[in-house]
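A short write-up of the structure that comes next.
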Amino acid sequence: MSLLAMMILGIAALIGVGTRQGWWYGGLAALAVGIGTTGVPIIWSFLGFVPLNDPGPWFEQARNLGTHAPRLEAHYKRIKGTLRYWKNKAAAHQRLHQARVMWSLISGVSLPLLVQRFDKNAPGAILFMTVFTTWTGLISVLAYTLKSEEKYQGFRQQESDFYDEGRRLLDFADPADPKFAESVDAYIRIIDQIRRVGRRVETGSPPSAV
């Protein structure tokens with residue numbers, strides 16, 4: 001969900017609940033919308049439900065691979081699971097990193113104003129401030145501990161490198177070229193190197209202690 005859609009839903013919740021139950025409870029409703037629209041996509045990605053993008057005409061549709069087509073199709077099928085893993089991890093860490101930035105900005109701008117209106121005798125105010133600060137802190141700690149910015153960049157780079165190499169091979173494929181078999185071998189070796197780097201991205205940066 002886009003930031004604009006989240007803002008519209010949040011404002012609608014704020015006004016809808018705030019005019020009837022009080023503005024602190026309206027703020028809680030808006031906060032619930034923000035938490036839901038931020039958290040659900042992150043969880044969805046970490047669970048691996050993000051589909052692969054359509055790369056366009058790929059090895060299955062290519063007609064210029066000659067006798068090497070079955071080998072390249074089989075190779076692509078074997079790495080497809082890895083690509084989906086990279087895709088989901090890149091999406092999850094990107095969303096987590098962006099959530100940290102967004103909620104840190106919201107917190108930094110709004111808290112100085114909210115503190116001036118805070119009433120410790122109002123249950124709604126206490127509940128709102130508790131949920132708001134806890135959620136902002138949780139998102140920030142998770143993104144920092146999991147190194148989300150680095151992980152997003154790493155997984156996204158491997159995904160991009162794979163598709164770049166595949167497009168390069170397909171664009172210049174010529175079965176009549178006596179050296180085309182060498183190009184196919186070189187492509188598979190490069191993809192193997194990309195997978196090795198992807199594995200280091202996955203395991204080389206363990207979560208750090210806060």
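Every chain in the structure tokens has a letter given in the order shown (A, B, ...), and although residue numbers restart at 1 in each chain, ligands are simply numbered from 1 in the order shown.
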Using only C-alpha atoms, which residues sit within 8 Å of segment 171-180 of chain A once same-chain residues fewer than 4 positions away are excluded, as a PyMOL selection string?
-> chain A and resi 64-67+167+184
Quick one: write out the picked residues with C-alpha atoms as a PDB file, in the first residue's frame?
ATOM      1  CA  ASN A  64      17.728 -18.512 -30.554  1.00  0.00           C
ATOM      2  CA  LEU A  65      19.400 -20.964 -28.172  1.00  0.00           C
ATOM      3  CA  GLY A  66      19.582 -23.975 -30.458  1.00  0.00           C
ATOM      4  CA  THR A  67      20.612 -27.221 -28.795  1.00  0.00           C
ATOM      5  CA  ARG A 167      19.494 -10.721 -20.749  1.00  0.00           C
ATOM      6  CA  VAL A 184      26.776 -20.700 -22.185  1.00  0.00           C
TER       7      VAL A 184
END
Contact check, segment 71-126 of chain A to segment 189-196 of chain A, at most 12 Å, counting only C-alpha atoms, closest pairs as a tab-separated table:
residue	atom	partner	partner_atom	distance
A:Leu72	CA	A:Ile191	CA	11.5
A:His75	CA	A:Ile191	CA	9.7
A:Tyr76	CA	A:Ile191	CA	10.0
A:Arg78	CA	A:Ile191	CA	11.6
A:Ile79	CA	A:Arg195	CA	8.8
A:Lys80	CA	A:Arg195	CA	11.6
A:Gly81	CA	A:Arg195	CA	11.7
A:Thr82	CA	A:Arg195	CA	8.2
A:Leu83	CA	A:Arg195	CA	9.5
A:Tyr85	CA	A:Arg195	CA	11.5
A:Trp86	CA	A:Arg195	CA	10.1
Separation of atom CA of Ile139 of chain A from atom CA of Ala12 of chain A, in Å and rounded to one decimal = 24.0 Å
Which residues of segment 114-201 of chain A come within 7 Å of segment 24-36 of chain A, and what is each one's closest atom pair and distance in Å (one decimal), counting only C-alpha atoms, sorted by chain and residue number, as CSV?
residue,atom,partner,partner_atom,distance
A:Gly124,CA,A:Trp24,CA,5.3
A:Ala125,CA,A:Trp24,CA,5.4
A:Phe128,CA,A:Leu28,CA,5.5
